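Structure below is work.pdb: PDB, C-alpha atoms.
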ATOM      1  CA  MET W  73       6.068 -41.923 115.888
ATOM      2  CA  THR W  74       3.494 -39.176 116.383
ATOM      3  CA  ARG W  75       4.085 -35.655 115.027
ATOM      4  CA  GLU W  76       4.868 -34.489 118.556
ATOM      5  CA  GLU W  77       7.439 -37.244 119.013
ATOM      6  CA  LEU W  78       9.014 -36.427 115.650
ATOM      7  CA  TYR W  79       9.304 -32.760 116.617
ATOM      8  CA  ARG W  80      10.864 -33.636 119.965
ATOM      9  CA  SER W  81      13.389 -35.900 118.255
ATOM     10  CA  ILE W  82      14.984 -33.065 116.247
ATOM     11  CA  TYR W  83      15.398 -30.448 118.990
ATOM     12  CA  THR W  84      17.686 -30.548 122.006
ATOM     13  CA  HIS W  85      15.228 -28.778 124.308
ATOM     14  CA  ASP W  86      11.453 -28.909 124.675
ATOM     15  CA  THR W  87      11.137 -25.129 124.311
ATOM     16  CA  ILE W  88      12.183 -23.504 121.035
ATOM     17  CA  TYR W  89      13.023 -19.802 121.192
ATOM     18  CA  LEU W  90      12.172 -18.022 117.955
ATOM     19  CA  PRO W  91      12.049 -14.239 117.451
ATOM     20  CA  PRO W  92       8.545 -12.722 117.403
ATOM     21  CA  HIS W  93       8.587 -12.287 113.625
ATOM     22  CA  GLU W  94       9.669 -15.899 113.028
ATOM     23  CA  GLN W  95       7.033 -17.641 115.133
ATOM     24  CA  ALA W  96       5.416 -19.271 112.093
ATOM     25  CA  THR W  97       8.739 -20.239 110.509
ATOM     26  CA  ALA W  98       9.995 -23.825 110.369
ATOM     27  CA  ALA W  99      13.128 -24.224 112.522
ATOM     28  CA  LEU W 100      16.158 -26.414 111.861
ATOM     29  CA  GLU W 101      18.622 -26.720 114.750
ATOM     30  CA  VAL W 102      22.145 -26.276 113.371
ATOM     31  CA  SER W 103      24.037 -25.259 116.511
ATOM     32  CA  LEU W 104      23.649 -25.087 120.258
ATOM     33  CA  GLY W 105      24.726 -22.505 122.811
ATOM     34  CA  CYS W 106      26.442 -19.152 122.289
ATOM     35  CA  SER W 107      29.932 -18.832 120.815
ATOM     36  CA  TRP W 108      30.691 -15.880 123.139
ATOM     37  CA  HIS W 109      28.886 -16.791 126.356
ATOM     38  CA  LYS W 110      30.417 -13.931 128.391
ATOM     39  CA  CYS W 111      27.717 -11.225 128.567
ATOM     40  CA  THR W 112      27.202 -10.428 132.241
ATOM     41  CA  PHE W 113      23.424 -10.020 131.954
ATOM     42  CA  CYS W 114      22.556 -13.132 129.924
ATOM     43  CA  ASP W 115      20.749 -16.122 131.411
ATOM     44  CA  PHE W 116      19.834 -17.540 128.012
ATOM     45  CA  ALA W 117      23.016 -19.308 126.906
ATOM     46  CA  LYS W 118      23.312 -22.331 129.193
ATOM     47  CA  ASP W 119      24.501 -24.940 126.682
ATOM     48  CA  THR W 120      28.124 -25.461 125.702
ATOM     49  CA  PHE W 121      28.559 -24.034 122.224
ATOM     50  CA  CYS W 122      28.754 -26.537 119.388
ATOM     51  CA  ILE W 123      27.953 -26.788 115.684
ATOM     52  CA  HIS W 124      25.990 -29.903 114.877
ATOM     53  CA  PRO W 125      27.619 -32.395 112.498
ATOM     54  CA  LEU W 126      26.310 -32.213 108.955
ATOM     55  CA  GLU W 127      25.059 -35.802 109.300
ATOM     56  CA  ARG W 128      22.795 -34.854 112.194
ATOM     57  CA  ILE W 129      21.552 -31.749 110.395
ATOM     58  CA  GLU W 130      20.674 -33.833 107.341
ATOM     59  CA  HIS W 131      18.889 -36.433 109.486
ATOM     60  CA  ASP W 132      16.840 -33.750 111.279
ATOM     61  CA  LEU W 133      16.129 -31.994 107.989
ATOM     62  CA  GLN W 134      14.639 -35.169 106.552
ATOM     63  CA  ILE W 135      12.233 -35.343 109.500
ATOM     64  CA  LEU W 136      11.417 -31.631 109.315
ATOM     65  CA  ALA W 137      10.654 -32.044 105.612
ATOM     66  CA  ARG W 138       8.027 -34.651 106.504
ATOM     67  CA  LEU W 139       6.487 -32.312 109.064
ATOM     68  CA  ARG W 140       6.662 -29.055 107.077
ATOM     69  CA  PRO W 141       6.794 -30.022 103.375
ATOM     70  CA  ASP W 142       5.278 -26.787 102.047
ATOM     71  CA  ASP W 143       7.266 -24.205 104.000
ATOM     72  CA  THR W 144       9.041 -21.510 101.984
ATOM     73  CA  ARG W 145      11.053 -20.033 104.867
ATOM     74  CA  LEU W 146      13.459 -21.738 107.276
ATOM     75  CA  PHE W 147      15.044 -20.520 110.518
ATOM     76  CA  PHE W 148      18.473 -21.907 111.400
ATOM     77  CA  LEU W 149      18.158 -22.480 115.122
ATOM     78  CA  GLY W 150      21.039 -21.785 117.500
ATOM     79  CA  GLU W 151      21.791 -18.857 119.777
ATOM     80  CA  ASN W 152      24.043 -17.393 117.091
ATOM     81  CA  ALA W 153      23.797 -19.766 114.152
ATOM     82  CA  PHE W 154      25.375 -17.162 111.844
ATOM     83  CA  PHE W 155      28.654 -18.106 113.544
ATOM     84  CA  LEU W 156      28.822 -20.820 110.879
ATOM     85  CA  SER W 157      31.132 -19.981 108.004
ATOM     86  CA  ALA W 158      29.627 -19.042 104.661
ATOM     87  CA  ASP W 159      30.714 -22.424 103.280
ATOM     88  CA  GLN W 160      29.003 -24.286 106.129
ATOM     89  CA  ILE W 161      25.798 -22.343 105.542
ATOM     90  CA  PHE W 162      25.943 -23.062 101.813
ATOM     91  CA  GLN W 163      26.343 -26.787 102.563
ATOM     92  CA  ILE W 164      23.223 -26.775 104.727
ATOM     93  CA  MET W 165      21.322 -24.786 102.101
ATOM     94  CA  GLU W 166      22.232 -27.422  99.537
ATOM     95  CA  LEU W 167      20.679 -30.085 101.764
ATOM     96  CA  VAL W 168      17.609 -27.891 102.278
ATOM     97  CA  GLY W 169      17.230 -27.669  98.505
ATOM     98  CA  LYS W 170      17.258 -31.467  98.361
ATOM     99  CA  TYR W 171      14.719 -32.140 101.123
ATOM    100  CA  MET W 172      12.669 -28.918 101.318
ATOM    101  CA  PRO W 173      12.837 -27.535  97.769
ATOM    102  CA  LYS W 174      10.131 -24.907  98.370
ATOM    103  CA  VAL W 175      12.282 -22.987 100.856
ATOM    104  CA  ARG W 176      13.450 -19.661  99.422
ATOM    105  CA  GLU W 177      14.244 -17.566 102.505
ATOM    106  CA  TYR W 178      16.326 -18.060 105.649
ATOM    107  CA  GLY W 179      16.609 -16.308 108.993
ATOM    108  CA  MET W 180      18.794 -16.878 112.053
ATOM    109  CA  TYR W 181      20.276 -15.306 115.182
ATOM    110  CA  SER W 182      23.628 -13.581 114.826
ATOM    111  CA  ARG W 183      26.258 -11.792 116.851
ATOM    112  CA  ILE W 184      27.958  -8.738 115.397
ATOM    113  CA  ASP W 185      31.305 -10.535 115.163
ATOM    114  CA  ASP W 186      29.650 -13.348 113.164
ATOM    115  CA  ILE W 187      28.941 -10.758 110.474
ATOM    116  CA  LEU W 188      32.383  -9.159 110.634
ATOM    117  CA  ARG W 189      34.144 -12.506 110.139
ATOM    118  CA  LYS W 190      32.539 -12.790 106.700
ATOM    119  CA  THR W 191      33.679 -10.804 103.698
ATOM    120  CA  GLU W 192      31.241  -8.490 101.992
ATOM    121  CA  GLU W 193      31.354 -10.808  98.975
ATOM    122  CA  GLU W 194      30.334 -13.738 101.174
ATOM    123  CA  LEU W 195      27.506 -11.720 102.701
ATOM    124  CA  ALA W 196      26.286 -10.716  99.238
ATOM    125  CA  CYS W 197      26.341 -14.353  98.125
ATOM    126  CA  LEU W 198      24.451 -15.438 101.246
ATOM    127  CA  ALA W 199      21.842 -12.771 100.532
ATOM    128  CA  LYS W 200      21.542 -13.973  96.931
ATOM    129  CA  LYS W 201      21.096 -17.554  98.164
ATOM    130  CA  GLY W 202      18.221 -16.516 100.417
ATOM    131  CA  VAL W 203      19.555 -15.314 103.783
ATOM    132  CA  GLN W 204      16.877 -12.711 104.283
ATOM    133  CA  ALA W 205      17.002 -11.762 107.975
ATOM    134  CA  LEU W 206      19.399 -11.741 110.920
ATOM    135  CA  HIS W 207      18.182 -11.237 114.477
ATOM    136  CA  ILE W 208      20.842  -9.427 116.503
ATOM    137  CA  GLY W 209      21.161  -8.376 120.124
ATOM    138  CA  VAL W 210      22.727  -4.912 119.914
ATOM    139  CA  GLU W 211      21.685  -4.121 123.518
ATOM    140  CA  SER W 212      23.314  -0.654 123.645
ATOM    141  CA  GLY W 213      25.098   1.919 121.514
ATOM    142  CA  SER W 214      27.336   3.015 124.374
ATOM    143  CA  ASP W 215      30.892   1.695 124.363
ATOM    144  CA  SER W 216      31.115   2.103 128.138
ATOM    145  CA  ILE W 217      28.048  -0.070 128.687
ATOM    146  CA  LEU W 218      29.038  -2.617 126.042
ATOM    147  CA  GLU W 219      32.421  -2.992 127.729
ATOM    148  CA  ALA W 220      31.005  -3.139 131.256
ATOM    149  CA  ARG W 221      28.510  -5.831 130.260
ATOM    150  CA  LYS W 222      31.229  -7.758 128.371
ATOM    151  CA  LYS W 223      29.309  -7.755 125.101
ATOM    152  CA  GLY W 224      32.543  -8.361 123.182
ATOM    153  CA  VAL W 225      32.036  -5.699 120.494
ATOM    154  CA  THR W 226      32.260  -1.915 120.194
ATOM    155  CA  SER W 227      29.731   0.545 118.809
ATOM    156  CA  ALA W 228      32.029   1.086 115.794
ATOM    157  CA  GLN W 229      31.975  -2.648 115.067
ATOM    158  CA  ILE W 230      28.196  -2.721 115.398
ATOM    159  CA  LEU W 231      27.922   0.151 112.923
ATOM    160  CA  GLU W 232      30.317  -1.480 110.470
ATOM    161  CA  ALA W 233      28.495  -4.818 110.560
ATOM    162  CA  LEU W 234      25.020  -3.329 110.122
ATOM    163  CA  GLN W 235      26.152  -1.058 107.301
ATOM    164  CA  ARG W 236      27.553  -4.140 105.548
ATOM    165  CA  LEU W 237      24.131  -5.773 105.821
ATOM    166  CA  ASP W 238      22.526  -2.624 104.435
ATOM    167  CA  ARG W 239      24.831  -2.735 101.420
ATOM    168  CA  VAL W 240      24.184  -6.400 100.582
ATOM    169  CA  GLY W 241      20.449  -6.292 101.274
ATOM    170  CA  ILE W 242      20.096  -8.540 104.325
ATOM    171  CA  ASP W 243      17.384  -7.301 106.701
ATOM    172  CA  TYR W 244      18.151  -7.164 110.408
ATOM    173  CA  TYR W 245      16.011  -7.111 113.513
ATOM    174  CA  LEU W 246      17.655  -5.552 116.570
ATOM    175  CA  THR W 247      17.144  -6.041 120.293
ATOM    176  CA  VAL W 248      17.899  -3.217 122.728
ATOM    177  CA  ILE W 249      17.857  -3.590 126.525
ATOM    178  CA  PRO W 250      16.528  -0.524 128.382
ATOM    179  CA  GLY W 251      17.978  -0.395 131.878
ATOM    180  CA  LEU W 252      21.251  -2.080 130.907
ATOM    181  CA  GLY W 253      23.300   0.937 131.989
ATOM    182  CA  GLY W 254      21.652   1.131 135.381
ATOM    183  CA  ARG W 255      20.457   4.338 136.988
ATOM    184  CA  SER W 256      23.832   6.090 136.705
ATOM    185  CA  PHE W 257      24.150   5.704 132.938
ATOM    186  CA  SER W 258      20.500   5.735 131.909
ATOM    187  CA  GLN W 259      20.607   8.932 129.848
ATOM    188  CA  MET W 260      23.874   7.964 128.169
ATOM    189  CA  HIS W 261      22.452   4.547 127.299
ATOM    190  CA  ALA W 262      19.381   6.075 125.640
ATOM    191  CA  ILE W 263      21.142   8.877 123.749
ATOM    192  CA  GLU W 264      24.101   6.853 122.466
ATOM    193  CA  THR W 265      21.898   3.929 121.444
ATOM    194  CA  ALA W 266      19.635   6.276 119.468
ATOM    195  CA  ARG W 267      22.696   7.900 117.877
ATOM    196  CA  LEU W 268      23.927   4.499 116.678
ATOM    197  CA  LEU W 269      20.543   3.274 115.429
ATOM    198  CA  ASN W 270      19.983   6.477 113.449
ATOM    199  CA  LYS W 271      22.977   5.568 111.258
ATOM    200  CA  VAL W 272      21.531   2.238 110.110
ATOM    201  CA  HIS W 273      18.277   0.821 108.762
ATOM    202  CA  PRO W 274      16.783  -1.859 111.034
ATOM    203  CA  ARG W 275      13.515  -3.509 110.086
ATOM    204  CA  ASN W 276      12.615  -3.800 113.750
ATOM    205  CA  ILE W 277      13.780  -2.417 117.095
ATOM    206  CA  TRP W 278      12.597  -4.642 119.917
ATOM    207  CA  CYS W 279      13.095  -3.238 123.398
ATOM    208  CA  LEU W 280      13.219  -5.762 126.237
ATOM    209  CA  LYS W 281      13.682  -4.219 129.682
ATOM    210  CA  LEU W 282      16.543  -5.558 131.739
ATOM    211  CA  LYS W 283      15.759  -8.473 134.017
ATOM    212  CA  LEU W 284      18.358  -9.475 136.575
ATOM    213  CA  TRP W 285      18.682 -13.262 136.565
ATOM    214  CA  GLU W 286      20.005 -14.802 139.757
ATOM    215  CA  ASP W 287      22.760 -16.850 138.114
ATOM    216  CA  THR W 288      24.348 -13.948 136.205
ATOM    217  CA  PRO W 289      27.380 -11.769 137.028
ATOM    218  CA  LEU W 290      25.243  -8.628 136.729
ATOM    219  CA  TYR W 291      22.886  -9.918 139.425
ATOM    220  CA  ARG W 292      25.861 -10.419 141.709
ATOM    221  CA  GLU W 293      27.101  -6.905 140.867
ATOM    222  CA  ALA W 294      23.727  -5.488 141.891
ATOM    223  CA  LYS W 295      23.709  -7.476 145.134
ATOM    224  CA  ALA W 296      27.197  -6.142 145.925
ATOM    225  CA  GLY W 297      25.996  -2.574 145.374
ATOM    226  CA  ASN W 298      27.968  -2.046 142.160
ATOM    227  CA  PHE W 299      24.943  -1.751 139.842
ATOM    228  CA  GLU W 300      21.826   0.355 140.453
ATOM    229  CA  GLU W 301      18.820  -1.495 139.098
ATOM    230  CA  MET W 302      16.129   0.833 137.759
ATOM    231  CA  THR W 303      12.421   0.667 138.487
ATOM    232  CA  PRO W 304      10.031  -0.188 135.612
ATOM    233  CA  GLU W 305       8.931   3.468 135.541
ATOM    234  CA  GLU W 306      12.524   4.702 135.300
ATOM    235  CA  ILE W 307      13.215   2.232 132.500
ATOM    236  CA  LEU W 308      10.165   3.442 130.585
ATOM    237  CA  ARG W 309      11.357   7.038 130.934
ATOM    238  CA  GLU W 310      14.736   5.957 129.571
ATOM    239  CA  GLU W 311      13.050   4.194 126.656
ATOM    240  CA  ARG W 312      10.992   7.312 125.970
ATOM    241  CA  LEU W 313      14.231   9.297 125.693
ATOM    242  CA  LEU W 314      15.576   6.687 123.274
ATOM    243  CA  LEU W 315      12.436   6.874 121.140
ATOM    244  CA  GLU W 316      12.350  10.674 121.238
ATOM    245  CA  ASN W 317      15.830  10.747 119.698
ATOM    246  CA  LEU W 318      15.246   8.114 117.018
ATOM    247  CA  THR W 319      14.991   9.216 113.385
ATOM    248  CA  VAL W 320      14.954   5.780 111.715
ATOM    249  CA  THR W 321      12.289   5.111 109.086
ATOM    250  CA  ASP W 322      10.368   2.058 107.848
ATOM    251  CA  CYS W 323      11.048   0.334 111.159
ATOM    252  CA  LEU W 324       8.710  -1.338 113.641
ATOM    253  CA  PHE W 325       9.396  -0.192 117.197
ATOM    254  CA  GLU W 326       8.028  -2.436 119.925
ATOM    255  CA  ASP W 327       8.331  -3.335 123.576
ATOM    256  CA  THR W 328       6.533  -6.304 125.113
ATOM    257  CA  THR W 329       7.797  -5.589 128.655
ATOM    258  CA  VAL W 330       6.516  -2.082 129.398
ATOM    259  CA  LEU W 331       6.018  -1.658 133.158
ATOM    260  CA  ASP W 332       6.129  -5.478 133.318
ATOM    261  CA  GLN W 333       2.600  -5.707 131.917
ATOM    262  CA  PHE W 334       2.049  -3.718 128.708
ATOM    263  CA  THR W 335       2.954  -3.970 125.029
ATOM    264  CA  ILE W 336       3.442  -1.002 122.734
ATOM    265  CA  GLN W 337       4.280  -1.067 119.045
ATOM    266  CA  GLY W 338       4.179   1.220 116.059
ATOM    267  CA  MET W 339       5.959   2.116 112.853
ATOM    268  CA  LEU W 340       8.653   4.735 112.723
ATOM    269  CA  MET W 341       8.450   7.464 111.833
ATOM    270  CA  GLY W 342       4.718   7.576 111.079
ATOM    271  CA  GLN W 343       3.520   6.463 114.517
ATOM    272  CA  LYS W 344       6.290   7.950 116.642
ATOM    273  CA  LYS W 345       4.019  10.605 118.121
ATOM    274  CA  GLU W 346       1.428   7.989 119.055
ATOM    275  CA  LEU W 347       4.116   5.842 120.686
ATOM    276  CA  LEU W 348       5.396   8.779 122.728
ATOM    277  CA  ASN W 349       1.838   9.634 123.740
ATOM    278  CA  ALA W 350       1.257   6.021 124.819
ATOM    279  CA  MET W 351       4.389   6.129 126.972
ATOM    280  CA  ASP W 352       3.308   9.445 128.506
ATOM    281  CA  TYR W 353      -0.122   7.998 129.226
ATOM    282  CA  LEU W 354       1.375   4.938 130.940
ATOM    283  CA  LEU W 355       3.739   7.109 132.935
ATOM    284  CA  GLY W 356       0.714   9.099 134.108
ATOM    285  CA  GLY W 357      -0.182   6.228 136.447
ATOM    286  CA  LYS W 358      -3.757   5.728 135.253
ATOM    287  CA  ASN W 359      -5.543   2.380 135.245
ATOM    288  CA  ARG W 360      -5.956   1.046 131.691
ATOM    289  CA  ASP W 361      -5.883  -2.003 129.435
ATOM    290  CA  VAL W 362      -2.901  -3.343 127.485
ATOM    291  CA  LEU W 363      -1.824  -1.020 124.692
ATOM    292  CA  SER W 364      -0.701  -2.404 121.345
TER     293      SER W 364
END

What is this file in structure tokens?
Amino acid sequence: MTREELYRSIYTHDTIYLPPHEQATAALEVSLGCSWHKCTFCDFAKDTFCIHPLERIEHDLQILARLRPDDTRLFFLGENAFFLSADQIFQIMELVGKYMPKVREYGMYSRIDDILRKTEEELACLAKKGVQALHIGVESGSDSILEARKKGVTSAQILEALQRLDRVGIDYYLTVIPGLGGRSFSQMHAIETARLLNKVHPRNIWCLKLKLWEDTPLYREAKAGNFEEMTPEEILREERLLLENLTVTDCLFEDTTVLDQFTIQGMLMGQKKELLNAMDYLLGGKNRDVLS
């Protein structure tokens, strides 16, 4: 088999979705689909949730080891692979040690409730064994919006989970969705999300403006007149309010969806002023190149 055929043989789908900061990381598929699968805005989780049998994971790991023998970091692929129990993760790590002995660090997607189901002792042990980063869709810090979008967690639970990660030393990369509250709750969405984020220590805040996908409940809400979709300019103004109220430090703030065509990024707090100036410049309506 060619390298391309070997790669295709170990993944369920042709396209592999890795977070921006994991694009160079080797990926091992350990689960499929989302364990929650109820968020009204999500078009991503189309597969029925399942955890792959250990036999399949070992088989795929053997192939991945042939393809990426020198990798030192591994991403456990699955829409929330951290759903796996600590014991299940340890079992997979043991196999990784057998077939890819150079691997020292692990990353994966996680829901907030995946973290809360584990004890702090388990989280500390996972960190010691190499779980270095979790990529988490927080989406909003507003309980009203979280409930309306059926996220399945509260802001208090988000805070508790992230503070646990802070204590055990696992880094986390957070996604926020500007526009998720619609026009009516735009200011609340920005202010309450900033208030929540200021209590924790994310390595990265990645803003992805809301896109209404045709096969989602939120799309149907909008069509029925029960959700006011915001314009790209309104969403950027909301994001500016979020950024203006952020006080987090040592954190990369970025948005790859600004006005549907621009990218902005910078470190907080050192480049906060430059980020705000970039947003003001874009909101000025001038013709310019992509900002980064």

To one decimal place, how far is CA of Tyr178 in chain W from CA of Ile161 in chain W in Å?
-> 10.4 Å

For the PyMOL selection byres ((chain W and resi 237) around 12), applied here, can you spell out every residue it catches as a PDB file with C-alpha atoms, in the coordinates of the input?
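The resulting selection10.pdb:
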ATOM      1  CA  SER W 182      23.628 -13.581 114.826  1.00  0.00           C
ATOM      2  CA  ILE W 184      27.958  -8.738 115.397  1.00  0.00           C
ATOM      3  CA  ASP W 186      29.650 -13.348 113.164  1.00  0.00           C
ATOM      4  CA  ILE W 187      28.941 -10.758 110.474  1.00  0.00           C
ATOM      5  CA  LEU W 188      32.383  -9.159 110.634  1.00  0.00           C
ATOM      6  CA  LYS W 190      32.539 -12.790 106.700  1.00  0.00           C
ATOM      7  CA  THR W 191      33.679 -10.804 103.698  1.00  0.00           C
ATOM      8  CA  GLU W 192      31.241  -8.490 101.992  1.00  0.00           C
ATOM      9  CA  GLU W 193      31.354 -10.808  98.975  1.00  0.00           C
ATOM     10  CA  GLU W 194      30.334 -13.738 101.174  1.00  0.00           C
ATOM     11  CA  LEU W 195      27.506 -11.720 102.701  1.00  0.00           C
ATOM     12  CA  ALA W 196      26.286 -10.716  99.238  1.00  0.00           C
ATOM     13  CA  CYS W 197      26.341 -14.353  98.125  1.00  0.00           C
ATOM     14  CA  LEU W 198      24.451 -15.438 101.246  1.00  0.00           C
ATOM     15  CA  ALA W 199      21.842 -12.771 100.532  1.00  0.00           C
ATOM     16  CA  VAL W 203      19.555 -15.314 103.783  1.00  0.00           C
ATOM     17  CA  GLN W 204      16.877 -12.711 104.283  1.00  0.00           C
ATOM     18  CA  ALA W 205      17.002 -11.762 107.975  1.00  0.00           C
ATOM     19  CA  LEU W 206      19.399 -11.741 110.920  1.00  0.00           C
ATOM     20  CA  HIS W 207      18.182 -11.237 114.477  1.00  0.00           C
ATOM     21  CA  ILE W 208      20.842  -9.427 116.503  1.00  0.00           C
ATOM     22  CA  ILE W 230      28.196  -2.721 115.398  1.00  0.00           C
ATOM     23  CA  LEU W 231      27.922   0.151 112.923  1.00  0.00           C
ATOM     24  CA  GLU W 232      30.317  -1.480 110.470  1.00  0.00           C
ATOM     25  CA  ALA W 233      28.495  -4.818 110.560  1.00  0.00           C
ATOM     26  CA  LEU W 234      25.020  -3.329 110.122  1.00  0.00           C
ATOM     27  CA  GLN W 235      26.152  -1.058 107.301  1.00  0.00           C
ATOM     28  CA  ARG W 236      27.553  -4.140 105.548  1.00  0.00           C
ATOM     29  CA  ASP W 238      22.526  -2.624 104.435  1.00  0.00           C
ATOM     30  CA  ARG W 239      24.831  -2.735 101.420  1.00  0.00           C
ATOM     31  CA  VAL W 240      24.184  -6.400 100.582  1.00  0.00           C
ATOM     32  CA  GLY W 241      20.449  -6.292 101.274  1.00  0.00           C
ATOM     33  CA  ILE W 242      20.096  -8.540 104.325  1.00  0.00           C
ATOM     34  CA  ASP W 243      17.384  -7.301 106.701  1.00  0.00           C
ATOM     35  CA  TYR W 244      18.151  -7.164 110.408  1.00  0.00           C
ATOM     36  CA  TYR W 245      16.011  -7.111 113.513  1.00  0.00           C
ATOM     37  CA  VAL W 272      21.531   2.238 110.110  1.00  0.00           C
ATOM     38  CA  HIS W 273      18.277   0.821 108.762  1.00  0.00           C
ATOM     39  CA  PRO W 274      16.783  -1.859 111.034  1.00  0.00           C
ATOM     40  CA  ARG W 275      13.515  -3.509 110.086  1.00  0.00           C
TER      41      ARG W 275
END

Carefully work through the PyMOL selection byres ((chain W and resi 82) around 10) for this structure and note down the residues it includes, as a ChimeraX atom specification.
-> /W:77-81,83-85,99-101,128-129,131-136

Selection result for the PyMOL selection byres ((chain W and resi 209) around 6) on this file, as JSON, numbers by chain = {"W": [208, 210, 211, 246, 247]}

Computed interatomic separation between CA of Leu139 in chain W and CA of Lys174 in chain W (Å) = 13.5 Å

Write out as an MDAnalysis selection string each polymer residue whose atoms come within 9 Å of Pro304 in chain W, counting only C-alpha atoms; drop sequence neighbours fewer than 5 positions from it.
-> chainID W and resid 251 281 309 330:332

Store the residues picked out above in a file with C-alpha atoms, as an mmCIF file, in the coordinates of the input.
data_model
loop_
_atom_site.group_PDB
_atom_site.id
_atom_site.type_symbol
_atom_site.label_atom_id
_atom_site.label_comp_id
_atom_site.auth_asym_id
_atom_site.auth_seq_id
_atom_site.Cartn_x
_atom_site.Cartn_y
_atom_site.Cartn_z
ATOM 1 C CA GLY W 251 17.978 -0.395 131.878
ATOM 2 C CA LYS W 281 13.682 -4.219 129.682
ATOM 3 C CA ARG W 309 11.357 7.038 130.934
ATOM 4 C CA VAL W 330 6.516 -2.082 129.398
ATOM 5 C CA LEU W 331 6.018 -1.658 133.158
ATOM 6 C CA ASP W 332 6.129 -5.478 133.318
#

Any idea what the distance is between CA of Arg221 in chain W and CA of Leu290 in chain W?
->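 We find that CA of Arg221 in chain W and CA of Leu290 in chain W lie 7.8 Å from each other.
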